[in-house]
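The next block is input.cif, given as mmCIF, C-alpha atoms.
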```cif
data_target
loop_
_atom_site.label_atom_id
_atom_site.label_comp_id
_atom_site.auth_asym_id
_atom_site.auth_seq_id
_atom_site.Cartn_x
_atom_site.Cartn_y
_atom_site.Cartn_z
CA MET Y 1456 0.00 0.00 0.00
CA HIS Y 1457 1.28 3.47 -0.92
CA THR Y 1458 0.01 6.60 0.84
CA VAL Y 1459 0.75 10.18 -0.16
CA ILE Y 1460 0.76 12.66 2.72
CA VAL Y 1461 0.35 16.32 1.85
CA GLY Y 1462 1.98 18.39 4.59
CA ALA Y 1463 5.15 17.80 6.63
CA GLY Y 1464 4.10 19.47 9.85
CA ILE Y 1465 3.87 17.54 13.08
CA ILE Y 1466 0.53 15.93 12.14
CA GLY Y 1467 1.64 14.78 8.69
CA LEU Y 1468 4.96 13.45 9.95
CA ALA Y 1469 3.47 11.74 13.00
CA THR Y 1470 0.85 10.05 10.81
CA ALA Y 1471 3.57 8.97 8.39
CA PHE Y 1472 5.41 7.43 11.33
CA GLU Y 1473 2.33 5.45 12.38
CA LEU Y 1474 1.85 4.21 8.83
CA ARG Y 1475 5.47 3.17 8.31
CA ALA Y 1476 5.38 1.31 11.63
CA ARG Y 1477 2.61 -0.79 10.07
CA GLY Y 1478 4.49 -1.46 6.85
CA VAL Y 1479 2.88 1.21 4.67
CA GLU Y 1480 4.97 2.98 2.02
CA VAL Y 1481 4.64 6.76 2.36
CA THR Y 1482 5.51 9.76 0.22
CA ILE Y 1483 5.38 13.14 1.99
CA ILE Y 1484 4.98 16.30 -0.06
CA ASP Y 1485 5.77 19.75 1.30
CA PRO Y 1486 7.83 22.63 -0.14
CA ALA Y 1487 9.19 23.55 3.32
CA PRO Y 1488 9.01 20.57 5.69
CA GLY Y 1489 8.60 21.48 9.34
CA LEU Y 1490 8.45 25.25 8.80
CA GLY Y 1491 4.71 25.85 9.19
CA ALA Y 1492 2.73 26.34 12.38
CA SER Y 1493 4.60 23.45 14.06
CA HIS Y 1494 7.88 25.39 13.74
CA ALA Y 1495 6.52 28.23 15.87
CA ALA Y 1496 4.71 26.13 18.48
CA ALA Y 1497 5.84 26.27 22.09
CA GLY Y 1498 5.03 22.60 22.61
CA MET Y 1499 3.08 22.73 25.86
CA LEU Y 1500 1.43 19.36 26.54
CA ALA Y 1501 -0.85 20.83 29.14
CA PRO Y 1502 -4.46 19.65 29.08
CA THR Y 1503 -4.84 20.53 32.76
CA ALA Y 1504 -3.58 24.11 32.45
CA GLU Y 1505 -5.35 24.74 29.13
CA THR Y 1506 -8.81 23.78 30.36
CA THR Y 1507 -11.57 26.04 29.02
CA TRP Y 1508 -15.31 26.17 29.71
CA GLY Y 1509 -17.56 24.63 27.07
CA GLN Y 1510 -14.92 22.40 25.47
CA ASP Y 1511 -15.45 19.08 27.22
CA GLN Y 1512 -15.02 17.02 24.04
CA LEU Y 1513 -11.77 18.78 23.20
CA HIS Y 1514 -10.49 18.26 26.74
CA ARG Y 1515 -11.05 14.52 26.47
CA LEU Y 1516 -9.04 14.41 23.24
CA MET Y 1517 -6.25 16.51 24.76
CA SER Y 1518 -6.05 14.39 27.91
CA CYS Y 1519 -6.02 11.14 25.93
CA SER Y 1520 -3.28 12.42 23.62
CA ALA Y 1521 -1.13 13.73 26.49
CA LYS Y 1522 -1.23 10.32 28.17
CA ALA Y 1523 -0.02 8.73 24.93
CA TYR Y 1524 3.04 10.99 24.63
CA PRO Y 1525 5.63 9.01 26.64
CA GLU Y 1526 5.05 5.88 24.56
CA PHE Y 1527 4.90 7.94 21.36
CA ILE Y 1528 8.31 9.50 22.10
CA ASP Y 1529 9.77 6.11 23.07
CA ARG Y 1530 8.58 4.48 19.84
CA ILE Y 1531 10.16 7.24 17.76
CA PHE Y 1532 13.42 6.81 19.69
CA GLN Y 1533 13.38 3.06 19.09
CA ALA Y 1534 12.84 3.57 15.35
CA THR Y 1535 15.27 6.44 14.81
CA GLY Y 1536 17.85 6.19 17.59
CA GLN Y 1537 17.15 9.84 18.50
CA ARG Y 1538 15.13 11.11 21.43
CA ALA Y 1539 13.08 14.28 21.11
CA ALA Y 1540 13.37 17.01 23.74
CA TYR Y 1541 10.39 15.86 25.78
CA VAL Y 1542 10.16 16.77 29.48
CA GLU Y 1543 7.60 16.01 32.18
CA ASN Y 1544 8.18 19.31 33.94
CA SER Y 1545 4.69 20.39 35.12
CA THR Y 1546 2.99 23.79 34.85
CA LEU Y 1547 2.39 26.66 37.25
CA VAL Y 1548 -0.59 28.87 36.42
CA ILE Y 1549 -0.11 32.25 38.08
CA ALA Y 1550 -2.54 35.05 38.90
CA ALA Y 1551 -0.46 38.21 38.69
CA GLU Y 1552 -2.63 40.32 40.98
CA LEU Y 1553 -5.78 40.09 43.09
CA ALA Y 1554 -7.93 41.19 40.16
CA ASP Y 1555 -6.80 38.04 38.32
CA MET Y 1556 -7.71 35.65 41.13
CA ASP Y 1557 -11.31 35.24 39.96
CA ALA Y 1558 -10.07 33.83 36.65
CA LEU Y 1559 -7.61 31.55 38.46
CA LEU Y 1560 -10.28 30.20 40.82
CA GLU Y 1561 -12.67 29.70 37.91
CA LEU Y 1562 -10.00 27.60 36.21
CA LYS Y 1563 -9.59 25.52 39.38
CA ARG Y 1564 -13.34 24.89 39.61
CA LEU Y 1565 -13.40 23.72 36.01
CA GLN Y 1566 -10.37 21.47 36.51
CA ASP Y 1567 -12.06 19.90 39.53
CA SER Y 1568 -15.33 19.35 37.65
CA LEU Y 1569 -13.48 17.52 34.87
CA GLY Y 1570 -11.44 15.36 37.24
CA PHE Y 1571 -8.09 16.97 36.46
CA SER Y 1572 -5.50 16.85 39.21
CA ALA Y 1573 -4.42 20.38 40.09
CA GLU Y 1574 -3.34 21.94 43.40
CA ARG Y 1575 -3.99 25.50 44.49
CA LEU Y 1576 -0.88 27.12 45.98
CA MET Y 1577 -0.25 30.18 48.07
CA PRO Y 1578 2.19 32.67 46.47
CA SER Y 1579 4.98 31.66 48.85
CA ALA Y 1580 4.61 27.98 47.90
CA ALA Y 1581 4.71 28.85 44.20
CA ARG Y 1582 7.89 30.91 44.72
CA LYS Y 1583 9.45 28.02 46.59
CA LEU Y 1584 8.99 25.93 43.43
CA GLU Y 1585 10.14 28.76 41.15
CA PRO Y 1586 12.18 31.38 43.04
CA ALA Y 1587 12.32 33.70 39.99
CA LEU Y 1588 8.59 34.42 40.25
CA ALA Y 1589 7.67 37.96 41.24
CA THR Y 1590 7.28 38.52 44.97
CA ASN Y 1591 3.84 40.09 44.61
CA ILE Y 1592 1.97 37.42 42.63
CA ALA Y 1593 -1.54 36.76 43.99
CA GLY Y 1594 -1.84 32.99 43.72
CA ALA Y 1595 -1.09 29.87 41.70
CA ILE Y 1596 -2.29 26.47 40.55
CA TYR Y 1597 0.19 23.61 40.23
CA CYS Y 1598 -0.52 21.17 37.38
CA ALA Y 1599 1.90 18.32 38.10
CA ALA Y 1600 0.89 16.08 35.18
CA ASP Y 1601 1.55 18.62 32.43
CA GLN Y 1602 4.51 18.11 30.11
CA GLN Y 1603 6.33 19.90 27.31
CA LEU Y 1604 8.01 19.05 24.04
CA ASP Y 1605 10.34 21.10 21.87
CA PRO Y 1606 8.48 20.55 18.57
CA ARG Y 1607 11.52 21.50 16.50
CA SER Y 1608 13.49 18.60 17.94
CA LEU Y 1609 10.76 16.12 16.98
CA LEU Y 1610 10.31 17.67 13.54
CA LYS Y 1611 14.05 17.43 12.89
CA ILE Y 1612 14.11 13.75 13.87
CA LEU Y 1613 11.12 12.80 11.73
CA ILE Y 1614 12.22 14.85 8.70
CA SER Y 1615 15.57 13.06 8.83
CA TYR Y 1616 13.84 9.70 9.26
CA PHE Y 1617 11.68 10.29 6.16
CA GLU Y 1618 14.31 12.19 4.16
CA SER Y 1619 14.24 9.86 1.16
CA SER Y 1620 10.43 9.91 1.10
CA ILE Y 1621 9.93 13.70 1.06
CA VAL Y 1622 9.14 15.59 -2.14
CA HIS Y 1623 9.94 19.30 -1.77
CA GLU Y 1624 7.09 20.63 -3.86
CA THR Y 1625 3.61 22.06 -3.49
CA VAL Y 1626 0.57 19.92 -4.25
CA VAL Y 1627 -1.72 21.86 -6.59
CA GLY Y 1628 -4.40 19.29 -7.30
CA LEU Y 1629 -5.86 15.86 -6.64
CA LEU Y 1630 -6.15 13.00 -9.12
CA SER Y 1631 -9.22 10.81 -9.29
CA HIS Y 1632 -10.37 7.59 -10.87
CA GLY Y 1633 -14.14 7.62 -10.92
CA SER Y 1634 -15.26 8.84 -7.50
CA LYS Y 1635 -12.02 7.89 -5.72
CA THR Y 1636 -8.99 10.10 -5.17
CA CYS Y 1637 -5.98 8.20 -6.46
CA GLY Y 1638 -3.05 10.62 -6.33
CA VAL Y 1639 -1.83 14.20 -6.46
CA ILE Y 1640 -0.39 16.73 -8.92
CA THR Y 1641 2.57 18.85 -7.82
CA SER Y 1642 3.61 22.35 -8.85
CA SER Y 1643 6.16 20.95 -11.30
CA GLY Y 1644 3.48 18.87 -13.02
CA LEU Y 1645 4.54 15.65 -11.36
CA ARG Y 1646 1.69 13.14 -11.03
CA ILE Y 1647 2.09 10.86 -8.05
CA PRO Y 1648 -0.36 7.94 -7.85
CA ALA Y 1649 -1.41 6.58 -4.47
CA ASP Y 1650 -3.70 4.02 -2.92
CA GLN Y 1651 -4.60 6.62 -0.28
CA VAL Y 1652 -4.03 10.36 0.13
CA LEU Y 1653 -3.89 12.23 3.44
CA LEU Y 1654 -4.32 16.01 3.43
CA ALA Y 1655 -2.51 17.22 6.55
CA ALA Y 1656 -1.46 20.67 5.36
CA GLY Y 1657 -2.33 24.01 6.87
CA LEU Y 1658 -4.30 26.95 5.58
CA GLY Y 1659 -4.24 27.56 1.85
CA GLN Y 1660 -2.47 24.26 1.15
CA ILE Y 1661 -5.41 21.88 0.89
CA PRO Y 1662 -5.96 21.56 -2.86
CA GLY Y 1663 -9.25 20.38 -4.28
CA VAL Y 1664 -11.14 20.63 -0.97
CA SER Y 1665 -13.39 23.57 -0.16
CA ASN Y 1666 -16.08 24.62 2.30
CA LEU Y 1667 -13.88 23.72 5.25
CA ALA Y 1668 -14.64 25.56 8.48
CA LEU Y 1669 -11.10 26.92 8.85
CA ARG Y 1670 -9.78 30.39 9.53
CA PRO Y 1671 -6.25 31.72 10.23
CA VAL Y 1672 -5.54 32.75 13.81
CA TYR Y 1673 -2.11 34.35 14.02
CA GLY Y 1674 0.20 33.81 16.94
CA ASP Y 1675 3.29 35.89 17.71
CA ILE Y 1676 5.95 33.80 19.48
CA PHE Y 1677 9.28 34.96 20.89
CA ARG Y 1678 12.36 33.08 22.01
CA LEU Y 1679 14.51 34.60 24.74
CA GLN Y 1680 17.99 33.46 25.77
CA GLY Y 1681 18.85 33.17 29.42
CA SER Y 1682 21.65 31.47 31.31
CA THR Y 1683 22.32 27.79 30.63
CA ARG Y 1684 23.96 27.29 34.05
CA PHE Y 1685 21.33 29.17 36.03
CA PRO Y 1686 17.98 28.87 34.21
CA LEU Y 1687 15.32 31.36 35.26
CA ILE Y 1688 12.59 28.74 35.58
CA LYS Y 1689 12.39 24.96 35.36
CA ARG Y 1690 8.65 24.59 34.90
CA THR Y 1691 6.28 26.07 32.38
CA VAL Y 1692 4.76 29.26 33.77
CA ARG Y 1693 1.37 30.30 32.45
CA GLY Y 1694 0.09 33.64 33.66
CA ILE Y 1695 -3.11 35.60 33.91
CA VAL Y 1696 -2.09 39.25 33.84
CA HIS Y 1697 -4.83 41.88 33.66
CA ARG Y 1698 -7.05 39.01 32.48
CA GLU Y 1699 -4.69 38.39 29.54
CA PRO Y 1700 -2.90 35.03 29.06
CA VAL Y 1701 0.86 34.71 28.70
CA TYR Y 1702 3.27 31.80 29.03
CA LEU Y 1703 6.98 31.07 29.41
CA VAL Y 1704 8.27 27.62 28.47
CA PRO Y 1705 11.87 26.78 29.52
CA ARG Y 1706 14.25 24.81 27.32
CA ALA Y 1707 17.32 22.81 28.32
CA ASP Y 1708 19.70 25.39 26.81
CA GLY Y 1709 18.44 28.14 29.11
CA SER Y 1710 16.20 29.70 26.47
CA LEU Y 1711 12.54 30.52 27.01
CA VAL Y 1712 9.61 30.44 24.62
CA LEU Y 1713 7.35 33.42 25.24
CA GLY Y 1714 3.86 33.49 23.82
CA ALA Y 1715 1.45 33.82 22.46
CA SER Y 1716 -0.85 36.30 20.84
CA SER Y 1717 -4.12 35.27 19.23
CA ARG Y 1718 -5.23 37.64 16.51
CA GLU Y 1719 -7.32 37.46 13.35
CA ASP Y 1720 -6.18 40.64 11.62
CA GLY Y 1721 -4.52 38.94 8.64
CA GLN Y 1722 -1.15 40.50 9.49
CA GLU Y 1723 1.52 37.97 8.57
CA GLN Y 1724 4.44 39.81 10.19
CA VAL Y 1725 5.33 40.04 13.86
CA ASN Y 1726 3.19 42.64 15.59
CA VAL Y 1727 5.23 45.06 17.70
CA GLY Y 1728 2.29 45.81 19.99
CA GLN Y 1729 1.93 42.11 20.77
CA LEU Y 1730 5.67 41.85 21.39
CA HIS Y 1731 5.50 44.70 23.90
CA ALA Y 1732 2.39 43.31 25.64
CA LEU Y 1733 3.77 39.80 25.99
CA LEU Y 1734 7.14 41.00 27.27
CA ASP Y 1735 5.50 43.34 29.77
CA ASN Y 1736 3.11 40.69 31.06
CA ALA Y 1737 5.88 38.08 31.29
CA ARG Y 1738 8.07 40.56 33.18
CA ARG Y 1739 5.22 40.98 35.66
CA LEU Y 1740 5.43 37.24 36.41
CA VAL Y 1741 9.19 36.63 36.06
CA PRO Y 1742 11.06 39.96 36.41
CA GLY Y 1743 14.38 38.36 35.45
CA ILE Y 1744 13.42 38.13 31.79
CA VAL Y 1745 14.64 41.72 31.42
CA ASP Y 1746 18.16 40.28 31.58
CA THR Y 1747 17.61 37.86 28.68
CA THR Y 1748 18.33 38.49 25.02
CA LEU Y 1749 15.98 38.08 22.07
CA ASN Y 1750 16.82 35.04 19.94
CA GLU Y 1751 13.83 35.06 17.63
CA ALA Y 1752 10.51 36.71 16.86
CA ILE Y 1753 8.18 34.67 14.67
CA VAL Y 1754 4.54 34.51 13.65
CA ARG Y 1755 2.49 31.72 12.13
CA ALA Y 1756 -1.17 31.23 11.30
CA ARG Y 1757 -2.87 28.39 13.13
CA PRO Y 1758 -5.58 26.62 11.08
CA THR Y 1759 -8.50 27.06 13.47
CA THR Y 1760 -12.03 25.66 13.57
CA PRO Y 1761 -15.09 27.23 15.29
CA ASP Y 1762 -14.92 24.75 18.18
CA ASP Y 1763 -11.10 24.31 18.23
CA ARG Y 1764 -11.44 20.59 17.50
CA PRO Y 1765 -9.58 19.26 14.44
CA LEU Y 1766 -11.10 18.13 11.17
CA ILE Y 1767 -10.27 14.44 10.77
CA GLY Y 1768 -12.29 12.21 8.49
CA ARG Y 1769 -12.64 10.33 5.23
CA VAL Y 1770 -13.72 12.46 2.27
CA ASP Y 1771 -13.89 9.69 -0.33
CA ALA Y 1772 -12.63 6.12 -0.76
CA GLY Y 1773 -9.09 7.37 -1.40
CA LEU Y 1774 -8.89 10.61 0.56
CA VAL Y 1775 -8.62 11.41 4.28
CA LEU Y 1776 -8.42 14.88 5.83
CA SER Y 1777 -6.47 15.73 9.01
CA THR Y 1778 -6.15 19.46 9.68
CA GLY Y 1779 -7.61 22.31 11.75
CA TYR Y 1780 -5.81 21.51 14.99
CA SER Y 1781 -5.95 25.15 16.08
CA ARG Y 1782 -3.40 25.82 18.84
CA HIS Y 1783 -3.32 22.17 19.97
CA GLY Y 1784 -1.52 20.51 17.05
CA VAL Y 1785 1.55 19.44 19.03
CA LEU Y 1786 -0.48 18.14 21.99
CA LEU Y 1787 -2.89 16.26 19.72
CA ALA Y 1788 -0.21 14.74 17.47
CA PRO Y 1789 -0.35 11.18 18.92
CA PHE Y 1790 -4.15 11.24 18.78
CA GLY Y 1791 -4.32 12.72 15.29
CA ALA Y 1792 -1.71 10.31 13.95
CA ARG Y 1793 -3.52 7.30 15.37
CA VAL Y 1794 -6.94 8.35 14.08
CA GLY Y 1795 -5.61 9.45 10.69
CA ALA Y 1796 -3.66 6.23 10.18
CA GLY Y 1797 -6.67 4.21 11.27
CA LEU Y 1798 -8.89 5.91 8.71
CA LEU Y 1799 -6.35 5.39 5.93
CA LEU Y 1800 -6.14 1.69 6.80
CA ASP Y 1801 -9.90 1.33 7.34
CA ASP Y 1802 -9.43 0.19 10.93
CA PRO Y 1803 -12.55 0.07 13.13
CA GLN Y 1804 -12.78 3.25 15.22
CA ASP Y 1805 -15.03 4.74 17.84
CA ALA Y 1806 -18.03 6.31 16.07
CA HIS Y 1807 -18.54 8.98 18.75
CA LEU Y 1808 -14.89 9.99 18.54
CA LEU Y 1809 -15.01 10.27 14.75
CA ALA Y 1810 -18.19 12.35 14.99
CA ALA Y 1811 -16.44 14.77 17.37
CA VAL Y 1812 -13.76 15.51 14.76
CA SER Y 1813 -15.75 14.97 11.57
CA PRO Y 1814 -14.94 17.56 8.86
CA GLU Y 1815 -18.66 17.62 7.97
CA ARG Y 1816 -19.92 18.70 11.39
CA PHE Y 1817 -19.97 22.25 10.01
CA GLY Y 1818 -21.40 21.34 6.60
CA GLU Y 1819 -20.69 19.25 3.54
CA VAL Y 1820 -17.09 19.19 2.31
CA HIS Y 1821 -16.74 19.92 -1.42
CA LEU Y 1822 -14.14 18.09 -3.52
CA GLN Y 1823 -12.69 18.95 -6.91
CA THR Y 1824 -10.31 16.53 -8.65
CA SER Y 1825 -8.70 15.94 -12.04
CA THR Y 1826 -9.12 12.66 -13.89
CA PHE Y 1827 -6.09 10.40 -13.63
#
```
Here is a file; write its structure as structure tokens.
Amino acid sequence: MHTVIVGAGIIGLATAFELRARGVEVTIIDPAPGLGASHAAAGMLAPTAETTWGQDQLHRLMSCSAKAYPEFIDRIFQATGQRAAYVENSTLVIAAELADMDALLELKRLQDSLGFSAERLMPSAARKLEPALATNIAGAIYCAADQQLDPRSLLKILISYFESSIVHETVVGLLSHGSKTCGVITSSGLRIPADQVLLAAGLGQIPGVSNLALRPVYGDIFRLQGSTRFPLIKRTVRGIVHREPVYLVPRADGSLVLGASSREDGQEQVNVGQLHALLDNARRLVPGIVDTTLNEAIVRARPTTPDDRPLIGRVDAGLVLSTGYSRHGVLLAPFGARVGAGLLLDDPQDAHLLAAVSPERFGEVHLQTSTF
């Protein structure tokens, strides 16, 4: 069996890994592998800290996928001999001032109602865990089960693993035989036949498929460089500052990922106002960031659905869609890879789960193909 995967972000590559593990030949097509939304992602695997009212179905998917991560990382290590930068380092959610405590306590009530394990801490207890926190924070929640992954490390490993199977082109169309998709056409005119095709690309890169409930939500992300010997923080710090969210994710080299904005203004360049706001809010939580240097400022568009759940489903007998992961693509990678691979191989799957991520829950998906 030969499967063509359109898109070499974390979802496309993770699905390719699941397929190869089951003996499927894969061809991955992407003009810039690993440089889309996955390249900018902070990599927080934090279903407990990212709990939001009204998204119970999404929370179940996130929690299930987070639990699968240790085995997922181990399997990739066994296959490639390289281990991704995955750390079970927990999360502290911080209320910067008393006015932010209502939001923090609301989060705790929601976590409790969903059965998530989270502990409310006094400011002094939070500072004992992370001494670099500001002395005047109002309160904290400790999410011990949360994890983090440096997505770039995993992308690098998987791109190397699939190097001989990657075509560095853009897919411009789908091929069909009767009512079944049977391949793709690339920008150079190359026609690549396939038994199955998976569309796992981001916005504007899903050829032949329309009427998808997707919109671009831009996120500005910054990488700061601190001391390798004396890291500012060891855990992920998520803050509520003047009711605005901000996070700092530490890396092993002393750097910090600072993010992230969420804007729908169509601006594809880094927004200076967002840079200022994120730095100011992060400084309010961890004052020592003023002594770091700026390594990188980057922006990417997240392919986002109205309910933040991905679009995963079969479109025709030869075509499966796996996109729209919003801001949870890295966290949901094990889940998305398993479900996507299962659909491509026609494995039995949970009907309620598939309904929760069906691309047609917002309306019929339209398909346009060229005859093979």
Any chance you could tabulate, as JSON lines, the residues of range 1568-1610 of chain Y at most 9 Å from range 1765-1788 of chain Y with each one's nearest atom pair and distance in Å to one decimal, using all atoms listed in the file, in chain and rising number order?
```
{"residue": "Y:Gln1603", "atom": "CA", "partner": "Y:Leu1786", "partner_atom": "CA", "distance": 8.8}
{"residue": "Y:Leu1604", "atom": "CA", "partner": "Y:Val1785", "partner_atom": "CA", "distance": 8.2}
{"residue": "Y:Pro1606", "atom": "CA", "partner": "Y:Val1785", "partner_atom": "CA", "distance": 7.0}
```
Selection file, C-alpha atoms, as a compact mmCIF listing (two decimals), in the frame of the given file:
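In the end it all went to again_25.txt:
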```txt
# COMPACT_ATOMS: atom_id res chain seq x y z
CA GLN Y 1603 6.33 19.90 27.31
CA LEU Y 1604 8.01 19.05 24.04
CA PRO Y 1606 8.48 20.55 18.57
```
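Put simply, CA of Arg1739 in chain Y is 10.3 Å away from CA of His1697 in chain Y.
For the residues Y:Gln1651, Y:Ser1619, Y:Thr1546, Y:Thr1683, ranking by smallest atom-to-atom distance to Ala1796 in chain Y using all atoms listed in the file places Y:Gln1651 first.
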Quiz prompt | Selection near Gly1498 in chain Y, 12 Å with all atoms listed in the file, sequence-local residues under 2 positions removed, as a ChimeraX atom specification | solution = /Y:1465,1492-1496,1500-1502,1521,1524,1539-1543,1601-1610,1676,1691,1702-1706,1711-1715,1782-1788
Practice problem: Tell me which protein, DNA and RNA residues are within 9 Å of Gly1663 in chain Y, counting only C-alpha atoms, leaving out same-chain ones fewer than 2 positions away, and put them as a list of chain:residue names. | Solution: Y:Val1627, Y:Gly1628, Y:Leu1629, Y:Ile1661, Y:Ser1665, Y:His1821, Y:Leu1822, Y:Gln1823, Y:Thr1824, Y:Ser1825
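Rounded to one decimal, CA of Asp1720 in chain Y and CA of Leu1658 in chain Y lie 15.1 Å from each other.
Look at Gly1681 in chain Y: the protein and nucleic acid residues within 9 Å of it, using all atoms listed in the file and passing over chain neighbours fewer than 3 places away, are Phe1685, Pro1686, Leu1687, Asp1708, Gly1709, Ser1710, Leu1711, Ile1744, Asp1746, Thr1747 and Thr1748 of chain Y.
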Neighbours of range 1572-1576 of chain Y within 7 Å (all atoms listed in the file; same-chain residues fewer than 6 positions away dropped), as a tab-separated table (two decimals) with C-alpha atoms, in the coordinates of the input?
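Result file is result-v8.tsv:
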```tsv
chain	number	residue	atom	x	y	z
Y	1594	GLY	CA	-1.84	32.99	43.72
Y	1595	ALA	CA	-1.09	29.87	41.70
Y	1596	ILE	CA	-2.29	26.47	40.55
Y	1597	TYR	CA	0.19	23.61	40.23
Y	1598	CYS	CA	-0.52	21.17	37.38
Y	1599	ALA	CA	1.90	18.32	38.10
```
Exercise. Give as a ChimeraX atom specification the residues that the PyMOL selection byres ((chain Y and resi 1483) around 12) matches when applied to the coordinates above.
Key: /Y:1457-1464,1466-1472,1474-1475,1480-1482,1484-1489,1613-1614,1616-1626,1639,1641,1647,1649,1652-1656
Practice problem: Given the file shown, enumerate the residues that the PyMOL selection byres ((chain Y and resi 1756) around 8) captures and present them as a count of residues only. | Solution: 11
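Rounded to one decimal, CA of Leu1679 in chain Y and CA of Asn1750 in chain Y lie 5.3 Å from each other.
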Using the chain letters and numbers from the file, give me the residues hit by the PyMOL selection byres ((chain Y and resi 1666) around 10), as a compact mmCIF listing (two decimals) with C-alpha atoms, keeping the file's coordinate frame.
```txt
# COMPACT_ATOMS: atom_id res chain seq x y z
CA VAL Y 1664 -11.14 20.63 -0.97
CA SER Y 1665 -13.39 23.57 -0.16
CA LEU Y 1667 -13.88 23.72 5.25
CA ALA Y 1668 -14.64 25.56 8.48
CA LEU Y 1669 -11.10 26.92 8.85
CA PRO Y 1814 -14.94 17.56 8.86
CA GLU Y 1815 -18.66 17.62 7.97
CA PHE Y 1817 -19.97 22.25 10.01
CA GLY Y 1818 -21.40 21.34 6.60
CA GLU Y 1819 -20.69 19.25 3.54
CA VAL Y 1820 -17.09 19.19 2.31
CA HIS Y 1821 -16.74 19.92 -1.42
CA LEU Y 1822 -14.14 18.09 -3.52
```
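For the set Y:Ala1550, Y:Met1499, Y:Val1745, Y:Val1696, the residue with the smallest atom-to-atom gap to Lys1563 in chain Y is Y:Ala1550, counting all atoms listed in the file.
Shortest separation to Pro1761 in chain Y among Y:Val1812, Y:Val1701, Y:Leu1553, Y:Leu1630 occurs at residue Y:Val1812, atoms counted being only C-alpha atoms.
Distance annotation: of Y:Gln1724, Y:Thr1506, Y:Gln1533, Y:Gln1680, the residue with the minimal separation from Gly1570 in chain Y is Y:Thr1506; atom set is all atoms listed in the file.
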Would you kindly return, as a PDB file with C-alpha atoms, keeping the file's coordinate frame, each protein, DNA or RNA residue with an atom no farther than 8 Å from any atom of Ile1688 in chain Y, considering all atoms listed in the file and excluding same-chain residues fewer than 6 positions away?
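What follows is the written file selection_38.pdb:
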```
ATOM      1  CA  GLU Y1585      10.140  28.760  41.150  1.00  0.00           C
ATOM      2  CA  PRO Y1586      12.180  31.380  43.040  1.00  0.00           C
ATOM      3  CA  ALA Y1587      12.320  33.700  39.990  1.00  0.00           C
ATOM      4  CA  PRO Y1705      11.870  26.780  29.520  1.00  0.00           C
TER       5      PRO Y1705
END
```
Exercise. Select, from Y:Asp1802, Y:Asp1511, Y:Glu1526, Y:Glu1505, the residue with the minimum atom-to-atom distance to Arg1693 in chain Y, counting only C-alpha atoms.
Key: Y:Glu1505
Quick one: what's the axis-aligned box for range 1722-1741 of chain Y, all listed atoms, 8 Å on every side, centre and edges in Å to one decimal, as lines of an AutoDock Vina configuration file?
```
center_x = 4.0
center_y = 41.2
center_z = 22.5
size_x = 26.3
size_y = 25.2
size_z = 43.8
```
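Ranking Y:Gly1633, Y:Pro1742, Y:Pro1803, Y:Gly1536 by their shortest atom-to-atom distance to Ile1592 in chain Y, with all atoms listed in the file included, puts Y:Pro1742 first.
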Dump of range 1621-1628 of chain Y from preceding block, N, CA, C and O atoms, as a JSON list (two decimals), in the first residue's frame:
```json
[["chain", "number", "residue", "atom", "x", "y", "z"],
["Y", 1621, "ILE", "N", 10.52, 12.35, 1.10],
["Y", 1621, "ILE", "CA", 9.93, 13.70, 1.06],
["Y", 1621, "ILE", "C", 10.15, 14.32, -0.31],
["Y", 1621, "ILE", "O", 11.28, 14.34, -0.83],
["Y", 1622, "VAL", "N", 9.08, 14.84, -0.88],
["Y", 1622, "VAL", "CA", 9.14, 15.59, -2.14],
["Y", 1622, "VAL", "C", 8.96, 17.06, -1.80],
["Y", 1622, "VAL", "O", 7.92, 17.46, -1.26],
["Y", 1623, "HIS", "N", 9.96, 17.88, -2.14],
["Y", 1623, "HIS", "CA", 9.94, 19.30, -1.77],
["Y", 1623, "HIS", "C", 9.21, 20.13, -2.83],
["Y", 1623, "HIS", "O", 9.81, 20.96, -3.51],
["Y", 1624, "GLU", "N", 7.92, 19.90, -2.92],
["Y", 1624, "GLU", "CA", 7.09, 20.63, -3.86],
["Y", 1624, "GLU", "C", 5.75, 20.95, -3.21],
["Y", 1624, "GLU", "O", 5.44, 20.47, -2.12],
["Y", 1625, "THR", "N", 4.96, 21.74, -3.93],
["Y", 1625, "THR", "CA", 3.61, 22.06, -3.49],
["Y", 1625, "THR", "C", 2.62, 21.21, -4.26],
["Y", 1625, "THR", "O", 2.75, 21.05, -5.48],
["Y", 1626, "VAL", "N", 1.65, 20.65, -3.57],
["Y", 1626, "VAL", "CA", 0.57, 19.92, -4.25],
["Y", 1626, "VAL", "C", -0.46, 20.94, -4.72],
["Y", 1626, "VAL", "O", -0.96, 21.76, -3.94],
["Y", 1627, "VAL", "N", -0.79, 20.88, -6.02],
["Y", 1627, "VAL", "CA", -1.72, 21.86, -6.59],
["Y", 1627, "VAL", "C", -3.05, 21.24, -6.98],
["Y", 1627, "VAL", "O", -4.00, 21.96, -7.33],
["Y", 1628, "GLY", "N", -3.14, 19.91, -6.94],
["Y", 1628, "GLY", "CA", -4.40, 19.29, -7.30],
["Y", 1628, "GLY", "C", -4.43, 17.83, -6.92],
["Y", 1628, "GLY", "O", -3.41, 17.21, -6.59]]
```
